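Content type compact mmCIF, C-alpha atoms and all ligand atoms, from the file query12.txt:
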# COMPACT_ATOMS: atom_id res chain seq x y z
CA MET J 1 0.00 0.00 0.00
CA PRO J 2 1.36 3.51 -0.76
CA GLU J 3 2.15 5.79 2.17
CA ASN J 4 -0.89 7.67 3.53
CA LYS J 5 -1.36 11.28 2.46
CA PHE J 6 -1.11 14.29 4.77
CA ILE J 7 -4.60 14.51 6.27
CA THR J 8 -4.94 10.72 6.56
CA LYS J 9 -1.71 10.61 8.52
CA ILE J 10 -3.06 13.20 10.98
CA LEU J 11 -6.33 11.36 11.50
CA HIS J 12 -4.79 7.91 11.84
CA THR J 13 -1.62 8.50 13.83
CA LYS J 14 -1.40 5.46 16.13
CA PHE J 15 -1.37 5.92 19.90
CA LEU J 16 1.94 4.78 21.37
CA LYS J 17 -0.06 2.74 23.92
CA GLU J 18 -3.49 1.28 23.24
CA ASP J 19 -6.28 3.15 25.04
CA PRO J 20 -7.95 0.85 27.60
CA HIS J 21 -11.41 2.09 26.51
CA GLY J 22 -10.76 2.20 22.76
CA SER J 23 -11.08 6.00 22.62
CA LEU J 24 -10.69 7.36 19.08
CA HIS J 25 -9.37 10.71 20.32
CA MET J 26 -6.35 10.77 22.57
CA PRO J 27 -7.95 11.73 25.93
CA VAL J 28 -6.73 14.71 27.95
CA TYR J 29 -4.38 13.34 30.62
CA ASP J 30 -4.68 16.35 32.88
CA ASN J 31 -2.55 14.87 35.65
CA VAL J 32 0.93 15.61 36.97
CA ALA J 33 2.56 12.35 38.11
CA PHE J 34 2.54 8.72 36.93
CA GLU J 35 2.76 5.67 39.18
CA PHE J 36 5.20 2.73 38.85
CA LYS J 37 4.72 -0.92 39.84
CA SER J 38 8.10 -1.33 41.57
CA ALA J 39 11.26 0.41 42.69
CA GLN J 40 13.08 -1.38 39.87
CA GLU J 41 10.73 0.10 37.25
CA LEU J 42 11.22 3.57 38.72
CA GLU J 43 14.98 3.09 38.52
CA LEU J 44 14.78 2.02 34.85
CA ALA J 45 12.55 5.00 34.01
CA PHE J 46 14.86 7.53 35.67
CA ALA J 47 17.91 6.01 33.94
CA GLY J 48 16.12 6.46 30.61
CA LYS J 49 16.30 2.68 29.99
CA LYS J 50 12.55 2.24 29.82
CA PRO J 51 10.81 5.29 28.35
CA SER J 52 7.77 6.13 30.46
CA HIS J 53 5.88 9.20 31.57
CA MET J 54 6.90 10.30 35.07
CA TYR J 55 5.96 13.95 35.45
CA SER J 56 3.93 16.10 33.04
CA ARG J 57 6.39 19.00 32.74
CA ILE J 58 8.78 16.50 31.12
CA SER J 59 6.35 14.39 29.10
CA ASN J 60 2.64 13.59 29.01
CA PRO J 61 0.57 11.15 26.90
CA THR J 62 -1.72 13.82 25.36
CA VAL J 63 1.21 16.08 24.50
CA GLU J 64 3.15 13.12 23.15
CA HIS J 65 0.31 12.14 20.81
CA PHE J 66 0.20 15.68 19.39
CA GLU J 67 3.97 15.47 18.85
CA GLN J 68 3.58 12.08 17.13
CA GLN J 69 0.98 13.51 14.74
CA VAL J 70 3.37 16.32 13.80
CA ARG J 71 6.21 13.84 13.35
CA ALA J 72 4.02 11.75 11.02
CA ILE J 73 3.17 14.68 8.71
CA THR J 74 6.63 16.23 8.60
CA GLY J 75 8.96 13.21 8.52
CA ALA J 76 10.97 14.71 11.40
CA VAL J 77 13.24 12.64 13.66
CA GLY J 78 11.85 14.44 16.69
CA THR J 79 9.22 16.99 17.67
CA VAL J 80 8.65 18.83 20.93
CA ALA J 81 5.45 20.74 21.75
CA LEU J 82 5.86 23.81 23.96
CA SER J 83 3.77 26.46 25.69
CA SER J 84 4.06 29.01 22.84
CA GLY J 85 5.77 29.88 19.58
CA MET J 86 8.16 32.14 21.51
CA ALA J 87 9.02 29.20 23.80
CA ALA J 88 9.85 27.10 20.72
CA ILE J 89 12.17 29.81 19.37
CA SER J 90 13.90 30.62 22.67
CA ASN J 91 14.36 26.96 23.68
CA THR J 92 15.90 26.18 20.29
CA ILE J 93 18.42 29.03 20.48
CA LEU J 94 19.29 28.28 24.12
CA ALA J 95 19.95 24.63 23.23
CA ILE J 96 22.38 25.35 20.38
CA ALA J 97 24.28 28.49 21.40
CA LYS J 98 26.15 29.98 24.36
CA THR J 99 27.71 33.29 25.41
CA GLY J 100 30.08 34.62 22.75
CA ASP J 101 28.31 32.86 19.85
CA ASN J 102 26.34 34.60 17.15
CA ILE J 103 23.20 34.04 15.05
CA ILE J 104 22.52 35.48 11.60
CA THR J 105 19.01 36.68 10.77
CA SER J 106 17.01 39.39 8.97
CA ARG J 107 15.66 42.59 10.52
CA HIS J 108 12.31 41.58 9.07
CA LEU J 109 11.23 39.47 12.01
CA PHE J 110 8.18 38.92 14.20
CA GLY J 111 8.46 41.75 16.78
CA ASN J 112 8.88 39.55 19.87
CA THR J 113 11.52 37.44 18.12
CA TYR J 114 13.41 40.62 17.28
CA SER J 115 13.18 41.70 20.92
CA LEU J 116 14.34 38.22 22.06
CA PHE J 117 17.50 38.62 19.96
CA GLU J 118 18.07 42.34 20.56
CA GLN J 119 17.31 42.44 24.29
CA THR J 120 16.98 39.13 26.12
CA LEU J 121 19.69 37.08 24.41
CA LYS J 122 21.98 40.07 23.96
CA ASP J 123 22.10 40.47 27.76
CA TRP J 124 23.38 36.87 27.95
CA GLY J 125 26.17 37.62 25.46
CA LEU J 126 24.65 36.19 22.31
CA GLU J 127 25.26 38.42 19.29
CA THR J 128 22.76 38.81 16.44
CA ARG J 129 23.97 39.78 12.96
CA TYR J 130 21.48 41.14 10.45
CA ALA J 131 21.53 40.53 6.71
CA ASP J 132 19.17 40.96 3.78
CA LEU J 133 18.36 37.27 3.46
CA THR J 134 16.76 37.75 0.05
CA LYS J 135 20.43 37.92 -0.99
CA PRO J 136 21.68 34.62 0.54
CA GLN J 137 25.34 35.50 -0.16
CA GLU J 138 25.05 38.36 2.35
CA ALA J 139 24.36 35.82 5.09
CA GLY J 140 27.29 33.70 3.90
CA ARG J 141 29.69 36.61 4.32
CA LEU J 142 28.70 37.08 7.98
CA ILE J 143 29.46 33.49 9.02
CA ASP J 144 32.50 33.00 11.27
CA LYS J 145 33.71 30.34 13.76
CA LYS J 146 31.26 31.56 16.40
CA THR J 147 28.18 31.47 14.14
CA LYS J 148 25.76 28.82 15.28
CA ALA J 149 22.75 29.32 13.01
CA ILE J 150 20.90 31.25 10.36
CA PHE J 151 17.35 32.02 11.46
CA LEU J 152 14.52 33.22 9.23
CA GLU J 153 10.76 33.29 8.68
CA THR J 154 9.21 31.72 5.55
CA ILE J 155 7.14 34.83 4.81
CA THR J 156 7.98 37.94 6.81
CA ASN J 157 5.22 40.02 8.30
CA PRO J 158 4.09 42.62 7.29
CA GLN J 159 6.68 42.94 4.48
CA LEU J 160 5.56 39.59 3.00
CA GLU J 161 9.10 38.97 1.81
CA VAL J 162 10.00 35.44 0.69
CA VAL J 163 13.55 34.11 0.90
CA ASP J 164 14.93 31.37 -1.36
CA ILE J 165 15.32 28.76 1.39
CA ALA J 166 17.11 26.09 -0.68
CA SER J 167 19.87 28.60 -1.60
CA LEU J 168 20.19 29.71 2.00
CA SER J 169 20.36 26.06 3.09
CA LYS J 170 23.34 25.51 0.75
CA ILE J 171 25.10 28.50 2.27
CA ALA J 172 24.37 27.28 5.81
CA ARG J 173 25.69 23.79 4.97
CA LYS J 174 28.84 25.21 3.39
CA GLY J 175 29.46 27.33 6.49
CA ASN J 176 28.65 24.37 8.82
CA VAL J 177 25.87 26.32 10.52
CA LEU J 178 22.33 25.25 11.34
CA LEU J 179 19.32 26.53 9.36
CA ILE J 180 16.34 27.33 11.62
CA VAL J 181 13.11 28.43 9.95
CA ASP J 182 9.97 29.87 11.59
CA THR J 183 7.13 28.53 9.42
CA THR J 184 4.21 30.13 11.27
CA MET J 185 3.04 31.93 8.10
CA THR J 186 3.21 28.68 6.08
CA PRO J 187 2.87 25.76 8.51
CA PRO J 188 3.30 22.10 7.50
CA TYR J 189 0.89 21.34 4.60
CA LEU J 190 1.73 24.68 2.90
CA PHE J 191 5.49 24.17 3.17
CA CYS J 192 7.55 20.99 3.35
CA ALA J 193 10.59 22.24 5.29
CA LYS J 194 12.55 19.00 4.90
CA GLU J 195 12.52 19.23 1.08
CA PHE J 196 14.15 22.67 1.16
CA GLY J 197 17.03 21.79 3.48
CA VAL J 198 15.69 23.24 6.73
CA ASP J 199 17.42 21.59 9.73
CA ILE J 200 15.05 22.79 12.45
CA GLU J 201 11.54 24.16 11.96
CA VAL J 202 9.85 26.22 14.66
CA VAL J 203 6.20 27.17 14.44
CA SER J 204 3.68 29.04 16.52
CA SER J 205 0.91 26.45 16.64
CA THR J 206 -1.20 29.17 18.30
CA LYS J 207 -2.05 30.25 14.75
CA TRP J 208 -3.45 27.80 12.15
CA ILE J 209 -2.57 24.53 13.86
CA SER J 210 -4.61 25.25 17.02
CA GLY J 211 -7.77 25.13 14.94
CA GLY J 212 -7.82 28.85 14.28
CA ALA J 213 -6.60 30.54 17.47
CA THR J 214 -8.12 28.32 20.16
CA SER J 215 -5.02 28.15 22.40
CA ILE J 216 -1.35 29.13 22.70
CA GLY J 217 1.32 26.61 21.67
CA GLY J 218 4.56 26.10 19.77
CA LEU J 219 6.49 23.31 18.07
CA ILE J 220 10.12 22.44 17.51
CA ILE J 221 10.50 20.05 14.58
CA ASP J 222 13.95 18.53 14.08
CA TYR J 223 14.78 16.88 10.74
CA GLY J 224 18.00 15.27 12.01
CA THR J 225 19.91 16.67 9.02
CA TYR J 226 22.55 18.73 10.81
CA ASP J 227 25.90 17.19 11.73
CA TRP J 228 26.02 18.05 15.44
CA LYS J 229 29.76 17.32 15.62
CA LYS J 230 30.09 20.79 14.05
CA ASN J 231 28.50 22.48 17.08
CA ASP J 232 30.96 22.65 20.01
CA LYS J 233 28.12 22.71 22.56
CA LEU J 234 26.65 19.45 21.23
CA GLU J 235 29.80 17.59 20.10
CA ASP J 236 29.65 15.02 22.91
CA ASP J 237 25.94 14.43 22.34
CA ALA J 238 26.67 13.92 18.63
CA VAL J 239 29.08 11.08 19.43
CA LYS J 240 26.48 9.37 21.63
CA TYR J 241 23.22 10.11 19.84
CA GLY J 242 24.11 10.99 16.21
CA PRO J 243 21.20 12.75 14.48
CA PHE J 244 19.23 12.71 17.77
CA ALA J 245 21.84 14.84 19.58
CA PHE J 246 19.80 18.06 19.60
CA ILE J 247 16.40 16.62 20.44
CA ASN J 248 17.88 14.49 23.20
CA ARG J 249 19.78 17.37 24.80
CA LEU J 250 16.75 19.61 24.48
CA ARG J 251 14.52 17.13 26.29
CA ARG J 252 17.05 16.29 28.98
CA GLU J 253 18.15 19.85 29.60
CA VAL J 254 16.74 23.10 28.19
CA TYR J 255 13.11 22.05 27.71
CA ARG J 256 13.01 20.30 31.10
CA ASN J 257 14.80 23.06 33.03
CA ILE J 258 13.05 26.07 31.52
CA GLY J 259 9.67 24.40 31.98
CA ALA J 260 7.82 25.89 29.01
CA CYS J 261 5.76 22.74 28.43
CA ILE J 262 2.36 22.92 26.75
CA SER J 263 -0.63 22.07 28.97
CA PRO J 264 -2.30 18.73 28.13
CA HIS J 265 -5.57 20.58 27.49
CA ASN J 266 -3.94 22.88 24.94
CA ALA J 267 -2.19 19.92 23.31
CA TYR J 268 -5.63 18.29 22.95
CA LEU J 269 -7.11 21.42 21.32
CA GLN J 270 -4.14 21.68 18.98
CA SER J 271 -4.35 18.02 18.07
CA LEU J 272 -8.03 18.57 17.16
CA GLY J 273 -7.04 21.65 15.17
CA LEU J 274 -4.50 19.64 13.24
CA GLU J 275 -7.27 17.29 12.06
CA THR J 276 -8.83 20.02 9.92
CA LEU J 277 -5.67 22.01 9.12
CA PRO J 278 -5.55 21.19 5.37
CA LEU J 279 -9.26 21.98 4.87
CA ARG J 280 -8.99 25.36 6.61
CA LEU J 281 -5.75 26.30 4.89
CA ASP J 282 -7.20 25.50 1.45
CA ALA J 283 -10.18 27.74 2.17
CA ALA J 284 -8.18 30.64 3.63
CA CYS J 285 -5.56 30.66 0.84
CA GLU J 286 -8.29 30.63 -1.81
CA ASN J 287 -10.08 33.51 -0.04
CA THR J 288 -6.83 35.49 0.10
CA ARG J 289 -6.22 35.04 -3.62
CA LYS J 290 -9.76 36.26 -4.42
CA ILE J 291 -9.53 39.29 -2.09
CA ALA J 292 -6.09 40.22 -3.50
CA GLY J 293 -7.59 40.10 -7.01
CA PHE J 294 -10.48 42.33 -5.92
CA LEU J 295 -8.20 44.89 -4.20
CA GLU J 296 -5.93 45.07 -7.27
CA LYS J 297 -8.91 46.34 -9.26
CA SER J 298 -10.03 48.92 -6.67
CA PRO J 299 -9.04 52.52 -7.54
CA ALA J 300 -8.78 53.65 -3.86
CA VAL J 301 -6.13 50.99 -3.22
CA LYS J 302 -2.62 52.23 -4.05
CA SER J 303 -0.87 48.85 -3.98
CA VAL J 304 -1.55 45.24 -2.97
CA ASN J 305 1.11 42.96 -1.59
CA TYR J 306 0.65 39.15 -1.64
CA PRO J 307 3.29 36.63 -2.77
CA GLY J 308 0.58 34.84 -4.79
CA LEU J 309 0.15 37.84 -7.13
CA LYS J 310 2.10 37.62 -10.39
CA LYS J 311 3.41 41.16 -9.92
CA SER J 312 4.94 40.33 -6.52
CA PRO J 313 8.76 40.28 -6.63
CA TYR J 314 8.54 37.03 -4.64
CA TYR J 315 5.99 35.30 -6.89
CA HIS J 316 8.40 32.71 -8.37
CA THR J 317 10.19 31.87 -5.12
CA ALA J 318 6.84 31.59 -3.34
CA LYS J 319 5.49 29.32 -6.09
CA LYS J 320 8.53 27.03 -5.82
CA GLN J 321 8.25 26.80 -2.03
CA PHE J 322 4.52 26.97 -1.31
CA GLY J 323 2.88 25.98 -4.61
CA ASN J 324 -0.37 27.89 -5.18
CA LYS J 325 -0.89 28.61 -1.47
CA PRO J 326 1.51 31.28 -0.23
CA GLY J 327 -0.26 31.84 3.08
CA ALA J 328 -3.35 33.83 4.00
CA VAL J 329 -2.00 37.26 4.91
CA LEU J 330 -1.99 40.20 2.52
CA THR J 331 -1.30 43.90 2.91
CA PHE J 332 -2.42 46.94 0.95
CA ASP J 333 -1.86 50.68 0.96
CA LEU J 334 -4.42 53.45 1.01
CA ALA J 335 -3.67 57.16 0.48
CA SER J 336 -2.93 58.13 4.10
CA LYS J 337 -3.01 57.03 7.72
CA GLU J 338 -6.30 58.92 8.13
CA GLU J 339 -7.82 57.01 5.23
CA CYS J 340 -6.60 53.71 6.74
CA PHE J 341 -8.31 54.58 10.04
CA ASN J 342 -11.53 55.57 8.27
CA PHE J 343 -11.45 52.33 6.32
CA LEU J 344 -10.90 50.25 9.47
CA ASN J 345 -13.66 52.05 11.35
CA ARG J 346 -16.23 51.44 8.61
CA ILE J 347 -15.52 47.72 8.36
CA LYS J 348 -18.58 45.78 9.61
CA LEU J 349 -17.87 42.04 9.41
CA ILE J 350 -14.09 41.69 9.55
CA ARG J 351 -12.71 41.99 13.09
CA ARG J 352 -10.22 44.62 14.24
CA ALA J 353 -7.72 42.45 16.17
CA THR J 354 -4.02 41.73 16.35
CA ASN J 355 -3.81 37.99 15.71
CA LEU J 356 -3.20 36.03 12.50
CA HIS J 357 -4.73 32.79 11.34
CA ASP J 358 -7.93 32.90 13.31
CA ASN J 359 -10.77 31.22 11.40
CA ARG J 360 -12.23 34.74 11.27
CA THR J 361 -10.70 37.44 9.09
CA LEU J 362 -8.79 40.04 11.12
CA ILE J 363 -7.67 43.52 10.13
CA LEU J 364 -5.04 45.84 11.59
CA HIS J 365 -3.03 49.03 10.96
CA PRO J 366 0.50 47.71 11.81
CA ALA J 367 2.32 51.07 12.17
CA SER J 368 0.07 52.31 15.01
CA THR J 369 -0.29 48.96 16.80
CA ILE J 370 2.16 46.03 16.69
CA PHE J 371 5.01 48.34 15.65
CA CYS J 372 4.13 51.27 17.95
CA GLU J 373 7.29 50.68 20.04
CA PHE J 374 9.55 51.12 16.98
CA ASP J 375 10.78 54.60 16.03
CA ALA J 376 10.17 56.09 12.57
CA LYS J 377 13.60 55.05 11.25
CA LEU J 378 13.17 51.43 12.29
CA LYS J 379 9.60 51.36 10.92
CA ASN J 380 10.95 52.68 7.65
CA GLU J 381 13.68 50.01 7.55
CA MET J 382 11.04 47.39 8.24
CA GLY J 383 8.73 48.63 5.49
CA VAL J 384 5.99 49.43 8.02
CA ARG J 385 4.37 52.38 6.23
CA GLU J 386 1.72 54.63 7.81
CA THR J 387 -0.47 53.85 4.78
CA LEU J 388 -0.33 50.06 5.23
CA ILE J 389 -3.22 47.80 6.27
CA ARG J 390 -2.80 44.11 7.09
CA LEU J 391 -5.51 41.58 6.45
CA ALA J 392 -5.19 38.10 7.97
CA VAL J 393 -7.76 36.16 6.01
CA GLY J 394 -10.03 33.54 7.57
CA ILE J 395 -12.36 30.87 6.22
CA GLU J 396 -15.64 32.80 5.87
CA ASP J 397 -17.42 32.86 2.49
CA TYR J 398 -15.23 35.13 0.36
CA ARG J 399 -18.28 36.94 -1.05
CA ASP J 400 -19.14 38.29 2.40
CA LEU J 401 -15.56 39.42 2.95
CA ILE J 402 -15.34 41.19 -0.39
CA ALA J 403 -18.74 42.84 0.18
CA ASP J 404 -17.51 44.22 3.52
CA ILE J 405 -14.27 45.55 2.04
CA LYS J 406 -16.20 47.02 -0.90
CA GLN J 407 -18.73 48.91 1.25
CA SER J 408 -15.95 50.37 3.40
CA LEU J 409 -13.87 51.44 0.37
CA GLU J 410 -16.91 53.02 -1.25
CA SER J 411 -17.69 55.04 1.86
CA LEU J 412 -14.21 56.63 1.62
CA GLN J 413 -15.07 58.38 -1.63
C1 LIG U 501 2.77 34.64 16.53
C2 LIG U 501 4.12 34.39 16.02
C3 LIG U 501 5.15 33.93 16.87
C4 LIG U 501 4.96 33.75 18.35
O1 LIG U 501 4.04 32.79 18.66
P1 LIG U 501 3.29 32.72 20.09
O2 LIG U 501 2.60 31.39 20.00
O3 LIG U 501 2.38 33.88 20.18
O4 LIG U 501 4.35 32.74 21.13
C5 LIG U 501 6.39 33.68 16.32
N1 LIG U 501 6.62 33.87 15.01
C6 LIG U 501 5.68 34.31 14.17
C7 LIG U 501 6.01 34.48 12.73
C8 LIG U 501 4.39 34.59 14.64
O5 LIG U 501 3.46 35.05 13.81

The structure given in the file should be rewritten as structure tokens.
Ligand SMILES: *Cc1c(COP(=O)(O)O)cnc(C)c1O
Amino acid sequence: MPENKFITKILHTKFLKEDPHGSLHMPVYDNVAFEFKSAQELELAFAGKKPSHMYSRISNPTVEHFEQQVRAITGAVGTVALSSGMAAISNTILAIAKTGDNIITSRHLFGNTYSLFEQTLKDWGLETRYADLTKPQEAGRLIDKKTKAIFLETITNPQLEVVDIASLSKIARKGNVLLIVDTTMTPPYLFCAKEFGVDIEVVSSTKWISGGATSIGGLIIDYGTYDWKKNDKLEDDAVKYGPFAFINRLRREVYRNIGACISPHNAYLQSLGLETLPLRLDAACENTRKIAGFLEKSPAVKSVNYPGLKKSPYYHTAKKQFGNKPGAVLTFDLASKEECFNFLNRIKLIRRATNLHDNRTLILHPASTIFCEFDAKLKNEMGVRETLIRLAVGIEDYRDLIADIKQSLESLQ
């Protein structure tokens, strides 16, 4: 029989232990500790000789099933579910780098990730070097002996810039550094990270995977492709565990000690969300394409930015990496900030809110909200114009969405 396809894999991921009641859904194990039959069994469990759940901060059956589902759809060697997307990013960096090391990334980053690099990790002596990653050679030139990784997002927000990940992967391999990619904008199903040479994928499962913003969560997905002997912090682990060096060290150290585990209840919600992920992503991407087409024809709209539009500078790279579904976020410009505010205030159906990838369509003026802490120069460097509106498209009927946008645009004239 051929291998099951994506959605079938999600729905039929086997439980690691048979459920005593034959439950079809992995139940929520909302407990802390697990009991053992004998002192000998406890000893074996603590020595790691007989894998078992002991304490839910370290592992839990509901969380483990969610991780198994993600492993099945991605072909990863290991996955870890955490309390948030930020926990996934910070745990990954803490596990691979130490004081005096550096990471290469782009200035076009999710705001909290930028702050993690520029404030939190900087205080611990980790340097961040910025490059224009749309020119992969620029990243290559910044690599030195202390560089541990190149970090990027598949589609940046709100610039909607797309980097050629396969080229960047070649440069990372040549420089012996790890390639970490945040795929929140194009989660598994839209983007197959393994095919493009990503070593470690991090994703905020708070967004699409949770079922459309039901709960906070994050994932670390390790493809086992990096040679850990090349990372001085993990050399010894590489000798013992080979491709499992990172995931093993993460579980035994950083993940366990920092304690940013996902709650079993949230893991359950996210596992349910995963079951319908492909259906919802198909609908949202199709809606985005239709709305982008409508906005392109509207005279009040100065420009429309979506990697799925033929006129986008990233159209070809996006097509190669994400096929016909380059995410469900688009931006567009109106004449002025005042016009943006008027437009937002006259919107009736679409919700004014700061999230992405809810099942509902959300709208926002980035310059006055999520980027309000950034000064004018930084906003300019980040392409956050005062005239820019961001639309994070949901799964409603596209005709209702277009009608709402149309009535608000018409009222501007
Ligand atoms: C939301 C988001 C995060 C952070 O995820 P949380 O689950 O909110 O911690 C990280 N990266 C990107 C690209 C995001 O959109």

Taking all atoms of region 141-157 of chain J that the file lists, what box with edges along x, y and z, padded by 8 Å per side, do you get, with centre and edge lengths in Å to one decimal, as lines of an AutoDock Vina configuration file?
center_x = 19.5
center_y = 34.4
center_z = 10.4
size_x = 44.5
size_y = 27.2
size_z = 28.1

Using only C-alpha atoms and all ligand atoms, find each residue in chain J having at least one atom no more than 9 Å away from ligand LIG 501 (chain U); report its shortest atom-to-atom pair and that distance in Å (one decimal), rows by chain then rising number, as a tab-separated table.
residue	atom	partner	partner_atom	distance
J:Ser83	CA	U:LIG501	O2	7.6
J:Ser84	CA	U:LIG501	O2	4.0
J:Gly85	CA	U:LIG501	O1	3.5
J:Met86	CA	U:LIG501	O4	3.9
J:Ala87	CA	U:LIG501	O4	6.4
J:Ala88	CA	U:LIG501	O4	7.9
J:Ile89	CA	U:LIG501	C5	7.6
J:Leu109	CA	U:LIG501	C7	7.3
J:Phe110	CA	U:LIG501	C7	5.2
J:Gly111	CA	U:LIG501	N1	8.3
J:Asn112	CA	U:LIG501	C4	7.2
J:Thr113	CA	U:LIG501	C5	6.6
J:Glu153	CA	U:LIG501	C7	6.4
J:Thr154	CA	U:LIG501	C7	8.3
J:Ile155	CA	U:LIG501	C7	8.0
J:Thr156	CA	U:LIG501	C7	7.1
J:Asn157	CA	U:LIG501	C7	7.1
J:Asp182	CA	U:LIG501	C7	6.2
J:Thr183	CA	U:LIG501	C7	6.9
J:Thr184	CA	U:LIG501	C7	4.9
J:Met185	CA	U:LIG501	C7	6.1
J:Val202	CA	U:LIG501	N1	8.3
J:Val203	CA	U:LIG501	N1	6.7
J:Ser204	CA	U:LIG501	O1	4.3
J:Ser205	CA	U:LIG501	O2	6.2
J:Thr206	CA	U:LIG501	O2	4.7
J:Lys207	CA	U:LIG501	C1	6.8
J:Ser215	CA	U:LIG501	O2	8.6
J:Ile216	CA	U:LIG501	O2	5.3
J:Gly217	CA	U:LIG501	O2	5.2
J:Gly218	CA	U:LIG501	O2	5.6
J:Asn355	CA	U:LIG501	C1	7.4
J:Leu356	CA	U:LIG501	O5	6.9
J:His357	CA	U:LIG501	O5	8.8

For the point (15.4, 42.7, 16.4) in file coordinates, what residues are within 12 Å, counting only C-alpha atoms? Give the answer as number ranges by chain? J: 103-122, 127-131, 151-152, 371, 373-374, 378-379, 381-382

Counting only C-alpha atoms, what are the residues of region 128-189 of chain J within 12 Å of region 221-229 of chain J, and for each of them which pair of atoms is the nearest and at what distance in Å, to one decimal? Sort the table by chain and rising number, as a tab-separated table.
residue	atom	partner	partner_atom	distance
J:Lys148	CA	J:Trp228	CA	10.8
J:Ala149	CA	J:Tyr226	CA	10.8
J:Ser169	CA	J:Tyr226	CA	10.9
J:Ala172	CA	J:Tyr226	CA	10.1
J:Arg173	CA	J:Tyr226	CA	8.3
J:Lys174	CA	J:Tyr226	CA	11.7
J:Gly175	CA	J:Tyr226	CA	11.8
J:Asn176	CA	J:Asp227	CA	8.2
J:Val177	CA	J:Tyr226	CA	8.3
J:Leu178	CA	J:Tyr226	CA	6.5
J:Leu179	CA	J:Tyr226	CA	8.6
J:Ile180	CA	J:Asp222	CA	9.4
J:Val181	CA	J:Ile221	CA	9.9
J:Asp182	CA	J:Ile221	CA	10.3
J:Thr183	CA	J:Ile221	CA	10.5
J:Pro187	CA	J:Ile221	CA	11.3
J:Pro188	CA	J:Ile221	CA	10.3

Go ahead and save the picked residues with C-alpha atoms, as a PDB file, in the frame of the given file.
ATOM      1  CA  LYS J 148      25.760  28.820  15.280  1.00  0.00           C
ATOM      2  CA  ALA J 149      22.750  29.320  13.010  1.00  0.00           C
ATOM      3  CA  SER J 169      20.360  26.060   3.090  1.00  0.00           C
ATOM      4  CA  ALA J 172      24.370  27.280   5.810  1.00  0.00           C
ATOM      5  CA  ARG J 173      25.690  23.790   4.970  1.00  0.00           C
ATOM      6  CA  LYS J 174      28.840  25.210   3.390  1.00  0.00           C
ATOM      7  CA  GLY J 175      29.460  27.330   6.490  1.00  0.00           C
ATOM      8  CA  ASN J 176      28.650  24.370   8.820  1.00  0.00           C
ATOM      9  CA  VAL J 177      25.870  26.320  10.520  1.00  0.00           C
ATOM     10  CA  LEU J 178      22.330  25.250  11.340  1.00  0.00           C
ATOM     11  CA  LEU J 179      19.320  26.530   9.360  1.00  0.00           C
ATOM     12  CA  ILE J 180      16.340  27.330  11.620  1.00  0.00           C
ATOM     13  CA  VAL J 181      13.110  28.430   9.950  1.00  0.00           C
ATOM     14  CA  ASP J 182       9.970  29.870  11.590  1.00  0.00           C
ATOM     15  CA  THR J 183       7.130  28.530   9.420  1.00  0.00           C
ATOM     16  CA  PRO J 187       2.870  25.760   8.510  1.00  0.00           C
ATOM     17  CA  PRO J 188       3.300  22.100   7.500  1.00  0.00           C
TER      18      PRO J 188
END

Of the listed residues J:His21, J:Arg249, J:Arg360, J:Arg399, that which approaches Thr92 (chain J) most closely, counting all atoms listed in the file: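 Ranked by minimum distance to Thr92 (chain J), first place goes to J:Arg249.
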